[in-house]
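J.: Supplied in structure tokens, the structure appears directly below.
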Amino acid sequence: MDTTTATADTRARDRISAALSEFFTARTERARLYGDDFASLWEVARDRVTGGKLVRPLLFLDMLGAFAPMTCDHPQIVEDPFTRVALAETDDPVTAEAATAVALACELLHYALLLHDDVIDGDRQRRGRPNLIGALQAGRDAPGAGHWASTGAILMGDMLLAAVHHIIGTLEVTGDKRSALFSLLDHALIESSAGEFLDVGLADGVIPAAPDTVLAMSSFKTSAYSFTFPIVAAAILTDRPPLLQTQLRPIGAHLGLGFQLHDDLLSAFGTPESHGKDAYSDFREGKITALVAHAQGTEAWGRVAGIFGDPQLTHAGARDIQQALADSGALAEVESLIAAQRRSFAEAIDCSDLPGHATAVLTDIAARLDGRTV
């Protein structure tokens, strides 16, 4: 990343962080009307949302800048999405306020789904520290403290989803754009819910863990809201034609599935610092990932099947599971799947009508996601 790009990235991060701070501060003050405990829920949520990588809102802003029709080639204008959209040659330019609002919605959507996911999985840690549930429960000895904390996470997730809808509903854009954004959001939530439902069914043994089913789950859980939503939202706001918006969907899907498969590798073989969760939490929860789906039924997996899903799994047991995933060929198979998604992503871009700057943005984020290390 060159100096100009880094400066633009820092400026975008600062704007998103400021929008998050302003949102949570306002909601915390409003929550005080209902008592200190409810206000503290918002305060803890504000603290927990900080420290994220802001992948989704930054992707949205980068694509928004890439789609803004420009004739000037000054590097600062090319790299800064807010400058590009302000100077875009269009009859319906996107304001900086609208761009910031949708970027905020991208991050709130992400956080809302993480909260619900933590409740479903029983997790108490996220991003290398206690998550909202763990922070609320800390220092409370009441027998029902865990249930109370989980309830807080569910309600916060619900309120944030409502806020995302409110943000889109109050955007100063045309009715057609607002309707298209609502349809895009609806699709993202339905597909993410389908993925979560499959995920739990697989982990609980209700749904057979066929590799194709696990791949579908992995794609549904991540692709629509993490990649397709911000990419297509940028195209909608900049009046890109419907054909291009359609072409962007498989690009987002390949990017999202590759990201999720890579995330599974990090969770299985990485450190808590690299994936931000409890060490070996996927093993202790019995999470059925593509790795596990390809390992099941092999002789190597038979050695560790009895300890997979054990909440008291030891470090030595986790190392045995890692070895079984490697010996079974599952590790190599998933690495091959990631490479296939990378190729399909590149082919989808080559077959699209994407402008050059948009292609560069997507290629760059794919390279950065691939660069995460186990």
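Lettering and numbering for the structure tokens are positional, with chains as A, B, ... in the shown order, residues counted from 1 in each chain, and ligands counted from 1 in the shown order.
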Find the residues around region 259-272 of chain A up to 7 Å (only C-alpha atoms counted), leave out those fewer than 6 positions away in its own chain, and share them as a CSV table (one decimal) with C-alpha atoms, in the first residue's frame.
T.:
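So selection-v2.csv came out as:
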```csv
chain,number,residue,atom,x,y,z
A,128,GLY,CA,-9.0,-11.7,21.7
A,218,SER,CA,-19.9,-21.6,4.7
A,222,THR,CA,-20.4,-15.0,5.2
A,278,ASP,CA,-10.9,-18.8,22.3
A,279,ALA,CA,-8.1,-21.2,21.4
A,280,TYR,CA,-9.7,-24.4,19.8
A,282,ASP,CA,-14.3,-24.7,17.1
A,289,THR,CA,-16.4,-27.0,9.0
A,322,GLN,CA,-4.9,-30.8,14.2
A,338,ILE,CA,-9.5,-22.0,-1.4
A,369,LEU,CA,-7.5,-11.7,2.9
A,374,VAL,CA,-2.1,-19.5,10.2
```
J.: Identify, on the basis of only C-alpha atoms, every residue whose closest approach to region 96-111 of chain A does not exceed 7 Å; exclude the query and any residue fewer than 4 positions from it along the same chain; express the result as a PyMOL selection string.
T.: chain A and resi 16+19-20+49+54+56-57+60-61+82+115+160-161+164+167+171-172+230
J.: From a backbone DSSP assignment, name each residue in region 75-186 of chain A labelled strand (DSSP E or B), as a list in words.
T.: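 Selection result, strand (DSSP E or B) within region 75-186 of chain A: Gln125, Arg126, Arg129 and Pro130 of chain A.
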J.: Which polymer residues have any atom within 12 Å of an atom of Ala234 (chain A), counting only C-alpha atoms, with same-chain residues fewer than 5 positions away left out, as a ChimeraX atom specification?
T.: /A:56-68,81,85,94,98-100,102-103,106,177,180-181,184,227-229,239-241,244-245,248,358
J.: Output N, CA and C atoms for every residue in that selection, as a tab-separated table (two decimals), in the first residue's frame.
T.:
```
chain	number	residue	atom	x	y	z
A	56	ARG	N	-15.72	-4.61	6.10
A	56	ARG	CA	-16.93	-4.42	5.30
A	56	ARG	C	-17.19	-2.96	4.96
A	57	PRO	N	-17.16	-2.04	5.95
A	57	PRO	CA	-17.37	-0.63	5.56
A	57	PRO	C	-16.26	-0.08	4.69
A	58	LEU	N	-15.02	-0.52	4.90
A	58	LEU	CA	-13.93	-0.05	4.04
A	58	LEU	C	-14.09	-0.58	2.62
A	59	LEU	N	-14.55	-1.83	2.50
A	59	LEU	CA	-14.80	-2.39	1.17
A	59	LEU	C	-15.88	-1.57	0.47
A	60	PHE	N	-16.94	-1.25	1.19
A	60	PHE	CA	-18.01	-0.44	0.61
A	60	PHE	C	-17.48	0.90	0.13
A	61	LEU	N	-16.73	1.59	0.98
A	61	LEU	CA	-16.23	2.91	0.61
A	61	LEU	C	-15.24	2.84	-0.56
A	62	ASP	N	-14.39	1.81	-0.55
A	62	ASP	CA	-13.44	1.65	-1.66
A	62	ASP	C	-14.18	1.41	-2.98
A	63	MET	N	-15.22	0.58	-2.93
A	63	MET	CA	-15.98	0.31	-4.15
A	63	MET	C	-16.80	1.53	-4.57
A	64	LEU	N	-17.29	2.28	-3.60
A	64	LEU	CA	-18.04	3.50	-3.92
A	64	LEU	C	-17.14	4.47	-4.68
A	65	GLY	N	-15.91	4.63	-4.17
A	65	GLY	CA	-14.97	5.50	-4.86
A	65	GLY	C	-14.59	4.97	-6.23
A	66	ALA	N	-14.46	3.65	-6.33
A	66	ALA	CA	-14.08	3.04	-7.61
A	66	ALA	C	-15.18	3.19	-8.66
A	67	PHE	N	-16.43	3.18	-8.22
A	67	PHE	CA	-17.56	3.28	-9.15
A	67	PHE	C	-17.91	4.72	-9.52
A	68	ALA	N	-17.42	5.70	-8.74
A	68	ALA	CA	-17.76	7.09	-9.02
A	68	ALA	C	-17.15	7.51	-10.36
A	81	PRO	N	-12.22	7.86	-1.36
A	81	PRO	CA	-13.59	7.64	-1.85
A	81	PRO	C	-14.49	8.84	-1.62
A	85	VAL	N	-16.55	10.62	-4.71
A	85	VAL	CA	-18.01	10.71	-4.83
A	85	VAL	C	-18.48	12.16	-4.83
A	94	VAL	N	-23.52	10.90	-4.72
A	94	VAL	CA	-23.67	10.38	-3.36
A	94	VAL	C	-23.01	11.37	-2.41
A	98	ALA	N	-24.30	10.34	3.20
A	98	ALA	CA	-24.93	9.08	2.80
A	98	ALA	C	-23.90	7.96	2.74
A	99	ALA	N	-22.71	8.26	2.22
A	99	ALA	CA	-21.65	7.26	2.15
A	99	ALA	C	-21.26	6.78	3.54
A	100	THR	N	-21.11	7.73	4.46
A	100	THR	CA	-20.74	7.37	5.83
A	100	THR	C	-21.84	6.55	6.49
A	102	VAL	N	-24.07	4.49	5.13
A	102	VAL	CA	-24.10	3.11	4.65
A	102	VAL	C	-22.89	2.34	5.15
A	103	ALA	N	-21.74	3.00	5.23
A	103	ALA	CA	-20.55	2.35	5.81
A	103	ALA	C	-20.83	1.95	7.26
A	106	CYS	N	-23.00	-1.10	7.36
A	106	CYS	CA	-22.24	-2.33	7.09
A	106	CYS	C	-21.61	-2.88	8.36
A	177	LYS	N	-33.32	3.78	-5.30
A	177	LYS	CA	-32.08	3.32	-4.66
A	177	LYS	C	-32.37	2.76	-3.27
A	180	ALA	N	-33.86	-0.65	-3.60
A	180	ALA	CA	-32.85	-1.64	-4.01
A	180	ALA	C	-31.96	-2.01	-2.82
A	181	LEU	N	-31.62	-1.03	-1.99
A	181	LEU	CA	-30.80	-1.31	-0.81
A	181	LEU	C	-31.55	-2.19	0.19
A	184	LEU	N	-31.49	-5.69	-1.11
A	184	LEU	CA	-30.15	-6.25	-0.91
A	184	LEU	C	-29.96	-6.67	0.55
A	227	PHE	N	-19.62	-9.43	1.87
A	227	PHE	CA	-19.01	-9.03	0.62
A	227	PHE	C	-20.02	-8.56	-0.42
A	228	THR	N	-21.04	-9.37	-0.69
A	228	THR	CA	-22.02	-8.96	-1.70
A	228	THR	C	-22.74	-7.68	-1.31
A	229	PHE	N	-23.14	-7.56	-0.04
A	229	PHE	CA	-23.88	-6.37	0.39
A	229	PHE	C	-23.06	-5.09	0.19
A	239	ASP	N	-25.35	4.34	-9.33
A	239	ASP	CA	-26.14	4.17	-10.57
A	239	ASP	C	-25.49	3.23	-11.58
A	240	ARG	N	-24.77	2.24	-11.09
A	240	ARG	CA	-24.22	1.26	-12.02
A	240	ARG	C	-25.35	0.38	-12.57
A	241	PRO	N	-25.25	-0.05	-13.84
A	241	PRO	CA	-26.38	-0.75	-14.47
A	241	PRO	C	-26.71	-2.08	-13.80
A	244	LEU	N	-24.31	-5.08	-14.30
A	244	LEU	CA	-23.09	-5.09	-13.50
A	244	LEU	C	-23.42	-5.50	-12.06
A	245	GLN	N	-24.54	-5.01	-11.52
A	245	GLN	CA	-24.93	-5.40	-10.17
A	245	GLN	C	-25.11	-6.91	-10.08
A	248	LEU	N	-21.75	-8.68	-10.03
A	248	LEU	CA	-21.02	-8.53	-8.77
A	248	LEU	C	-21.37	-9.62	-7.76
A	358	ALA	N	-12.23	-0.48	-9.98
A	358	ALA	CA	-13.00	-1.41	-9.16
A	358	ALA	C	-12.36	-2.78	-9.14
```
J.: Could you check the closest approach to Asp364 (chain A) for each of A:Gly302, A:Gly317, A:Leu255, A:Ala339 and tell me which residue wins, using only C-alpha atoms?
T.: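 Nearest candidate to Asp364 (chain A) out of A:Gly302, A:Gly317, A:Leu255, A:Ala339: A:Leu255.
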J.: Do you know which residues are at most 8 Å from region 148-157 of chain A counting only C-alpha atoms, after dropping those on the same chain fewer than 2 positions away, and could you put them as a list in words?
T.: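 Residues meeting the cut-off are Leu41, Trp42, Ala45, Tyr111, Ala112, Leu113, Leu115, His116, Val119, Leu132, Ile133, Gly134, Leu136, Gln137, Gly144, Ala145, Gly146, Met159, Leu160 and Leu161 of chain A.
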J.: Could you name the residues that touch Glu285 (chain A) at 9 Å or less, counting only C-alpha atoms, but leaving out those on the same chain fewer than 3 positions away, as a CSV table (one decimal) with all heavy atoms, in the first residue's frame?
T.:
```csv
chain,number,residue,atom,x,y,z
A,121,ASP,N,-23.5,-20.0,19.8
A,121,ASP,CA,-22.4,-20.9,20.0
A,121,ASP,C,-21.9,-20.9,21.4
A,121,ASP,O,-21.0,-21.7,21.8
A,121,ASP,CB,-21.2,-20.4,19.1
A,121,ASP,CG,-21.4,-20.6,17.6
A,121,ASP,OD1,-22.3,-21.3,17.3
A,121,ASP,OD2,-20.7,-19.9,16.8
A,122,GLY,N,-22.5,-20.0,22.3
A,122,GLY,CA,-22.1,-20.0,23.7
A,122,GLY,C,-20.7,-19.4,23.9
A,122,GLY,O,-20.0,-19.7,24.9
A,203,ALA,N,-23.7,-29.0,13.5
A,203,ALA,CA,-23.0,-29.2,14.7
A,203,ALA,C,-23.8,-30.1,15.7
A,203,ALA,O,-23.2,-30.9,16.4
A,203,ALA,CB,-22.7,-27.8,15.4
A,280,TYR,N,-9.0,-23.1,20.1
A,280,TYR,CA,-9.7,-24.4,19.8
A,280,TYR,C,-11.2,-24.3,20.1
A,280,TYR,O,-11.8,-25.4,20.4
A,280,TYR,CB,-9.0,-25.5,20.6
A,280,TYR,CG,-7.5,-25.5,20.5
A,280,TYR,CD1,-6.7,-25.4,21.7
A,280,TYR,CD2,-6.8,-25.5,19.3
A,280,TYR,CE1,-5.3,-25.4,21.6
A,280,TYR,CE2,-5.4,-25.5,19.2
A,280,TYR,CZ,-4.7,-25.5,20.4
A,280,TYR,OH,-3.3,-25.4,20.3
A,281,SER,N,-11.8,-23.2,20.1
A,281,SER,CA,-13.2,-23.1,20.4
A,281,SER,C,-14.0,-23.9,19.4
A,281,SER,O,-15.0,-24.5,19.7
A,281,SER,CB,-13.7,-21.6,20.4
A,281,SER,OG,-13.5,-21.0,19.2
A,282,ASP,N,-13.6,-23.9,18.1
A,282,ASP,CA,-14.3,-24.7,17.1
A,282,ASP,C,-14.3,-26.2,17.4
A,282,ASP,O,-15.3,-26.9,17.2
A,282,ASP,CB,-13.8,-24.4,15.7
A,282,ASP,CG,-14.2,-23.1,15.1
A,282,ASP,OD1,-14.9,-22.4,15.8
A,282,ASP,OD2,-13.8,-22.8,14.0
A,288,ILE,N,-18.8,-28.1,12.7
A,288,ILE,CA,-18.6,-28.8,11.4
A,288,ILE,C,-18.2,-27.9,10.3
A,288,ILE,O,-19.0,-27.2,9.7
A,288,ILE,CB,-19.8,-29.6,11.0
A,288,ILE,CG1,-20.3,-30.5,12.1
A,288,ILE,CG2,-19.5,-30.4,9.8
A,288,ILE,CD1,-19.3,-31.6,12.5
A,308,PHE,N,-13.6,-34.8,19.8
A,308,PHE,CA,-14.1,-33.7,19.1
A,308,PHE,C,-15.5,-33.3,19.6
A,308,PHE,O,-16.4,-34.1,19.7
A,308,PHE,CB,-14.2,-34.0,17.6
A,308,PHE,CG,-14.7,-32.8,16.7
A,308,PHE,CD1,-13.8,-31.7,16.5
A,308,PHE,CD2,-15.9,-32.8,16.1
A,308,PHE,CE1,-14.2,-30.7,15.7
A,308,PHE,CE2,-16.3,-31.7,15.4
A,308,PHE,CZ,-15.5,-30.7,15.1
A,309,GLY,N,-15.6,-32.0,20.0
A,309,GLY,CA,-16.8,-31.5,20.6
A,309,GLY,C,-16.9,-31.6,22.1
A,309,GLY,O,-17.9,-31.3,22.8
A,310,ASP,N,-15.7,-32.0,22.7
A,310,ASP,CA,-15.6,-32.1,24.2
A,310,ASP,C,-15.3,-30.7,24.7
A,310,ASP,O,-14.3,-30.1,24.4
A,310,ASP,CB,-14.5,-33.0,24.6
A,310,ASP,CG,-14.3,-33.2,26.1
A,310,ASP,OD1,-15.1,-32.5,26.8
A,310,ASP,OD2,-13.4,-33.9,26.5
A,311,PRO,N,-16.3,-30.1,25.6
A,311,PRO,CA,-16.0,-28.8,26.1
A,311,PRO,C,-14.8,-28.7,27.0
A,311,PRO,O,-14.2,-27.6,27.1
A,311,PRO,CB,-17.3,-28.5,27.0
A,311,PRO,CG,-18.3,-29.5,26.4
A,311,PRO,CD,-17.6,-30.7,26.0
```
J.: Separation of CA of Pro208 (chain A) and CA of Ala340 (chain A), in Å?
T.: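 Between CA of Pro208 (chain A) and CA of Ala340 (chain A) the gap works out to 24.2 Å.
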J.: Check the smallest atom-to-atom distance from each of A:Met217, A:Ala330, A:Val361, A:Leu313 to Gln296 (chain A) using only C-alpha atoms, then report the winner.
T.: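 Selected residue with least distance to Gln296 (chain A): A:Ala330.
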J.: Please indicate the distance in Å from CA of Gly329 (chain A) to CA of Gly306 (chain A), rounded to one decimal place.
T.: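 Between CA of Gly329 (chain A) and CA of Gly306 (chain A) the gap is 19.2 Å.
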J.: Compile the contact shell of Ala316 (chain A) as an NGL selection string: residues with an atom at most 12 Å away, counting only C-alpha atoms, same-chain residues fewer than 4 positions apart removed.
T.: :A and (280 or 304 or 307 or 312 or 320-323)
